[in-house]
Amino acid sequence: MSGFVEKPEPIQVPGLVHLHTGKVRELYQNEAGDLVMVASDRMSAYDWVLPTEIPDKGRILTQLSLWWFEQLADLVPHHVLSAEPPAGAPADWAGRTTLCTSLQMVPVECVARGYLTGSGLVEYDASRTVCGLALPEGLVDGSELPAPIFTPATKAAVGEHDENVSYEEVARQVGADTAAALRQTTLAVYARARDIARERGIVLADTKFEFGFDGAELVLADEVLTPDSSRFWPADQWSPGHPQPSYDKQFVRDWLTSPASGWDRGSEQPPPELPQEIVAATRARYVEAYERLTGTSWS
């Protein structure tokens, strides 16, 4: 059992139809058929939406995504039409709202990995592969891969776990041409973002993208290159052979699986509230990632 510890009631706004409550985002549709995405301050980990929010998190994710969409616009079109909240929206929606083109979404999480860690490390230790791709001997936690790899996953519902799948399975599900476009675009965007992050002292270990079609055009959607969807490591502390310090939600995951939380991940019990010191430290990591990447201060 997993999902929401306590599922929120969506805010009703005149002229908008509520479509979906995600782990972090609320999705609406306006009268023109465009989508309105609102990023909350919710935090998810281990397929649970935690009972404790991280202040400003939704705004950081939204503003960082908007910045990245601009950096990548020459590589792939994006779905953002406007960042202005719709008329009648609550004041709290400012800074956390995007008006987006409605797309035919591709049901694949497009993951790019440049470094070995997480579920990729688990598979590598067992078989020297990641998503069926053979890798050389001698890699350890945090090792840079010989070249970035495309390791797709199924997109799961809230409370369910994304499952890594092979490229061949993606091609079977969405067609060979779409699979090839997803792989090529994912790796091109990762390479651009990796280089930008590296210039700013951050290692982009891995990240996931979502794409949809606007007619025949492949479009980058949802959030992009945020601490929720990526692993960011401080470059000056990168040292393969053990888990890396990070600017992402790994800090929360580590606390949840530590004795301090008292939570058994293997049980059916929901995770506990986060202590205020964990909340503050997590927010500080998200803010630092934003500031280091964009070169602007968070206010």
# chains A, B, ... in the order shown; residues from 1 in each chain; ligands from 1

call {"tool": "residues_around", "arguments": {"residues": "segment 24-36 of chain A", "least_positions_apart": "3", "cutoff": "7 Å", "atoms": "only C-alpha atoms", "output": "PyMOL selection string"}}
result
chain A and resi 15-21+39-43+97-102

call {"tool": "write_last_selection", "arguments": {"atoms": "N, CA and C atoms", "output": "CSV table (one decimal), in the first residue's frame"}}
result
chain,number,residue,atom,x,y,z
A,15,GLY,N,-14.0,28.5,-14.5
A,15,GLY,CA,-13.5,28.5,-15.8
A,15,GLY,C,-12.5,27.3,-16.0
A,16,LEU,N,-12.1,26.6,-14.9
A,16,LEU,CA,-11.2,25.5,-15.0
A,16,LEU,C,-11.8,24.2,-14.6
A,17,VAL,N,-11.5,23.2,-15.3
A,17,VAL,CA,-12.0,21.8,-14.9
A,17,VAL,C,-10.8,21.1,-14.3
A,18,HIS,N,-10.9,20.6,-13.1
A,18,HIS,CA,-9.8,19.8,-12.5
A,18,HIS,C,-9.8,18.4,-13.1
A,19,LEU,N,-8.6,18.0,-13.6
A,19,LEU,CA,-8.4,16.8,-14.3
A,19,LEU,C,-7.7,15.7,-13.5
A,20,HIS,N,-6.7,16.1,-12.7
A,20,HIS,CA,-5.9,15.1,-12.0
A,20,HIS,C,-5.1,15.7,-10.9
A,21,THR,N,-5.0,14.9,-9.8
A,21,THR,CA,-4.1,15.2,-8.7
A,21,THR,C,-2.9,14.3,-8.8
A,39,ALA,N,2.1,23.6,-9.5
A,39,ALA,CA,3.1,22.8,-8.7
A,39,ALA,C,2.9,23.1,-7.2
A,40,SER,N,2.6,22.1,-6.4
A,40,SER,CA,2.4,22.2,-5.0
A,40,SER,C,3.8,22.1,-4.3
A,41,ASP,N,3.7,22.2,-3.0
A,41,ASP,CA,4.9,22.0,-2.2
A,41,ASP,C,5.0,20.6,-1.6
A,42,ARG,N,4.2,19.7,-2.2
A,42,ARG,CA,4.2,18.3,-1.7
A,42,ARG,C,5.6,17.6,-2.1
A,43,MET,N,6.0,16.7,-1.3
A,43,MET,CA,7.2,15.9,-1.5
A,43,MET,C,6.8,14.5,-1.6
A,97,THR,N,2.6,28.3,-11.4
A,97,THR,CA,1.6,27.9,-12.5
A,97,THR,C,2.2,28.0,-13.9
A,98,THR,N,1.8,27.0,-14.7
A,98,THR,CA,2.2,27.2,-16.1
A,98,THR,C,0.9,26.8,-17.0
A,99,LEU,N,0.7,27.6,-18.0
A,99,LEU,CA,-0.3,27.3,-19.0
A,99,LEU,C,0.3,26.6,-20.1
A,100,CYS,N,-0.2,25.4,-20.5
A,100,CYS,CA,0.6,24.6,-21.4
A,100,CYS,C,-0.3,24.1,-22.5
A,101,THR,N,0.3,23.8,-23.7
A,101,THR,CA,-0.4,23.2,-24.8
A,101,THR,C,-0.8,21.7,-24.4
A,102,SER,N,-2.0,21.4,-24.7
A,102,SER,CA,-2.4,20.0,-24.4
A,102,SER,C,-1.8,19.1,-25.5

call {"tool": "select_by_dssp", "arguments": {"residues": "segment 66-267 of chain A", "states": "strand (DSSP E)", "output": "JSON, numbers by chain"}}
result
{"A": [80, 81, 82, 97, 98, 99, 100, 104, 105, 108, 109, 110, 111, 112, 113, 114, 115, 129, 130, 133, 134, 144, 145, 146, 147, 148, 149, 150, 153, 154, 202, 203, 204, 205, 206, 207, 208, 209, 210, 211, 212, 213, 214, 217, 218, 219, 220, 221, 230, 231, 232, 233, 234]}

call {"tool": "closest_atom_pairs", "arguments": {"of": "segment 262-284 of chain A", "to": "segment 54-61 of chain A", "cutoff": "9 Å", "atoms": "only C-alpha atoms", "output": "JSON lines"}}
result
{"residue": "A:Val279", "atom": "CA", "partner": "A:Ile54", "partner_atom": "CA", "distance": 5.8}
{"residue": "A:Ala280", "atom": "CA", "partner": "A:Ile54", "partner_atom": "CA", "distance": 7.8}
{"residue": "A:Thr282", "atom": "CA", "partner": "A:Ile54", "partner_atom": "CA", "distance": 7.3}
{"residue": "A:Arg283", "atom": "CA", "partner": "A:Ile54", "partner_atom": "CA", "distance": 6.1}

call {"tool": "select_by_dssp", "arguments": {"residues": "segment 46-278 of chain A", "states": "alpha helix (DSSP H)", "output": "ChimeraX atom specification"}}
result
/A:57-72,118-127,167-174,176-199,250-256,276-278

call {"tool": "write_last_selection", "arguments": {"atoms": "C-alpha atoms", "output": "PDB file, in the first residue's frame"}}
result
ATOM      1  CA  LYS A  57       9.214  23.806  -3.424  1.00  0.00           C
ATOM      2  CA  GLY A  58       6.531  24.159  -6.103  1.00  0.00           C
ATOM      3  CA  ARG A  59       7.724  27.629  -7.063  1.00  0.00           C
ATOM      4  CA  ILE A  60      11.338  26.492  -7.254  1.00  0.00           C
ATOM      5  CA  LEU A  61      10.387  23.574  -9.518  1.00  0.00           C
ATOM      6  CA  THR A  62       8.304  25.823 -11.762  1.00  0.00           C
ATOM      7  CA  GLN A  63      10.814  28.641 -12.072  1.00  0.00           C
ATOM      8  CA  LEU A  64      13.736  26.270 -12.635  1.00  0.00           C
ATOM      9  CA  SER A  65      11.781  24.390 -15.305  1.00  0.00           C
ATOM     10  CA  LEU A  66      10.978  27.649 -17.088  1.00  0.00           C
ATOM     11  CA  TRP A  67      14.667  28.572 -17.048  1.00  0.00           C
ATOM     12  CA  TRP A  68      15.672  25.194 -18.469  1.00  0.00           C
ATOM     13  CA  PHE A  69      13.005  25.299 -21.188  1.00  0.00           C
ATOM     14  CA  GLU A  70      14.660  28.501 -22.439  1.00  0.00           C
ATOM     15  CA  GLN A  71      18.130  26.909 -22.418  1.00  0.00           C
ATOM     16  CA  LEU A  72      16.873  23.949 -24.463  1.00  0.00           C
ATOM     17  CA  GLY A 118      20.242   4.314  -7.742  1.00  0.00           C
ATOM     18  CA  SER A 119      18.304   1.519  -9.455  1.00  0.00           C
ATOM     19  CA  GLY A 120      20.915   1.451 -12.215  1.00  0.00           C
ATOM     20  CA  LEU A 121      23.594   0.542  -9.674  1.00  0.00           C
ATOM     21  CA  VAL A 122      21.425  -2.254  -8.250  1.00  0.00           C
ATOM     22  CA  GLU A 123      20.983  -3.804 -11.703  1.00  0.00           C
ATOM     23  CA  TYR A 124      24.652  -3.286 -12.588  1.00  0.00           C
ATOM     24  CA  ASP A 125      25.819  -5.048  -9.431  1.00  0.00           C
ATOM     25  CA  ALA A 126      23.620  -8.022 -10.308  1.00  0.00           C
ATOM     26  CA  SER A 127      24.238  -8.325 -14.063  1.00  0.00           C
ATOM     27  CA  TYR A 167      14.549   0.068 -25.424  1.00  0.00           C
ATOM     28  CA  GLU A 168      13.040  -2.807 -27.368  1.00  0.00           C
ATOM     29  CA  GLU A 169       9.998  -2.786 -25.099  1.00  0.00           C
ATOM     30  CA  VAL A 170       9.555   0.959 -25.672  1.00  0.00           C
ATOM     31  CA  ALA A 171       9.736   0.402 -29.426  1.00  0.00           C
ATOM     32  CA  ARG A 172       7.110  -2.325 -29.110  1.00  0.00           C
ATOM     33  CA  GLN A 173       4.793  -0.049 -27.122  1.00  0.00           C
ATOM     34  CA  VAL A 174       5.096   3.229 -29.058  1.00  0.00           C
ATOM     35  CA  ALA A 176      10.192   2.182 -33.674  1.00  0.00           C
ATOM     36  CA  ASP A 177      10.193   5.741 -35.036  1.00  0.00           C
ATOM     37  CA  THR A 178       8.863   7.279 -31.807  1.00  0.00           C
ATOM     38  CA  ALA A 179      11.254   5.216 -29.689  1.00  0.00           C
ATOM     39  CA  ALA A 180      14.210   6.380 -31.774  1.00  0.00           C
ATOM     40  CA  ALA A 181      13.094  10.016 -31.493  1.00  0.00           C
ATOM     41  CA  LEU A 182      12.693   9.687 -27.724  1.00  0.00           C
ATOM     42  CA  ARG A 183      16.171   8.219 -27.312  1.00  0.00           C
ATOM     43  CA  GLN A 184      17.874  10.745 -29.580  1.00  0.00           C
ATOM     44  CA  THR A 185      16.134  13.749 -28.045  1.00  0.00           C
ATOM     45  CA  THR A 186      16.594  12.552 -24.458  1.00  0.00           C
ATOM     46  CA  LEU A 187      20.332  12.079 -24.893  1.00  0.00           C
ATOM     47  CA  ALA A 188      20.749  15.398 -26.748  1.00  0.00           C
ATOM     48  CA  VAL A 189      18.913  17.310 -24.012  1.00  0.00           C
ATOM     49  CA  TYR A 190      20.850  15.506 -21.279  1.00  0.00           C
ATOM     50  CA  ALA A 191      24.181  16.330 -22.930  1.00  0.00           C
ATOM     51  CA  ARG A 192      23.285  20.026 -23.186  1.00  0.00           C
ATOM     52  CA  ALA A 193      22.055  20.163 -19.597  1.00  0.00           C
ATOM     53  CA  ARG A 194      25.055  18.199 -18.281  1.00  0.00           C
ATOM     54  CA  ASP A 195      27.437  20.708 -19.834  1.00  0.00           C
ATOM     55  CA  ILE A 196      25.499  23.715 -18.526  1.00  0.00           C
ATOM     56  CA  ALA A 197      25.358  22.226 -15.032  1.00  0.00           C
ATOM     57  CA  ARG A 198      29.063  21.323 -15.103  1.00  0.00           C
ATOM     58  CA  GLU A 199      29.954  24.944 -15.862  1.00  0.00           C
ATOM     59  CA  GLN A 250      17.841  11.943  -1.898  1.00  0.00           C
ATOM     60  CA  PHE A 251      18.357  13.802   1.379  1.00  0.00           C
ATOM     61  CA  VAL A 252      14.741  13.055   2.327  1.00  0.00           C
ATOM     62  CA  ARG A 253      14.991   9.445   1.148  1.00  0.00           C
ATOM     63  CA  ASP A 254      18.077   8.962   3.307  1.00  0.00           C
ATOM     64  CA  TRP A 255      16.308  10.288   6.409  1.00  0.00           C
ATOM     65  CA  LEU A 256      13.237   8.122   5.795  1.00  0.00           C
ATOM     66  CA  GLN A 276      11.539  20.743  10.803  1.00  0.00           C
ATOM     67  CA  GLU A 277      15.316  20.458  10.520  1.00  0.00           C
ATOM     68  CA  ILE A 278      14.887  18.017   7.608  1.00  0.00           C
TER      69      ILE A 278
END

call {"tool": "closest_residue", "arguments": {"among": "A:Val287, A:Val130, A:Ala260, A:Val106", "to": "Asp214 of chain A", "atoms": "only C-alpha atoms"}}
result
A:Val106

call {"tool": "residues_around", "arguments": {"residues": "Gly138 of chain A", "least_positions_apart": "6", "cutoff": "12 Å", "atoms": "only C-alpha atoms", "output": "number ranges by chain"}}
result
A: 116, 121, 124-125, 128, 144-146, 240-241

call {"tool": "residues_around", "arguments": {"residues": "segment 201-209 of chain A", "least_positions_apart": "3", "cutoff": "10 Å", "atoms": "only C-alpha atoms", "output": "count of residues only"}}
result
57
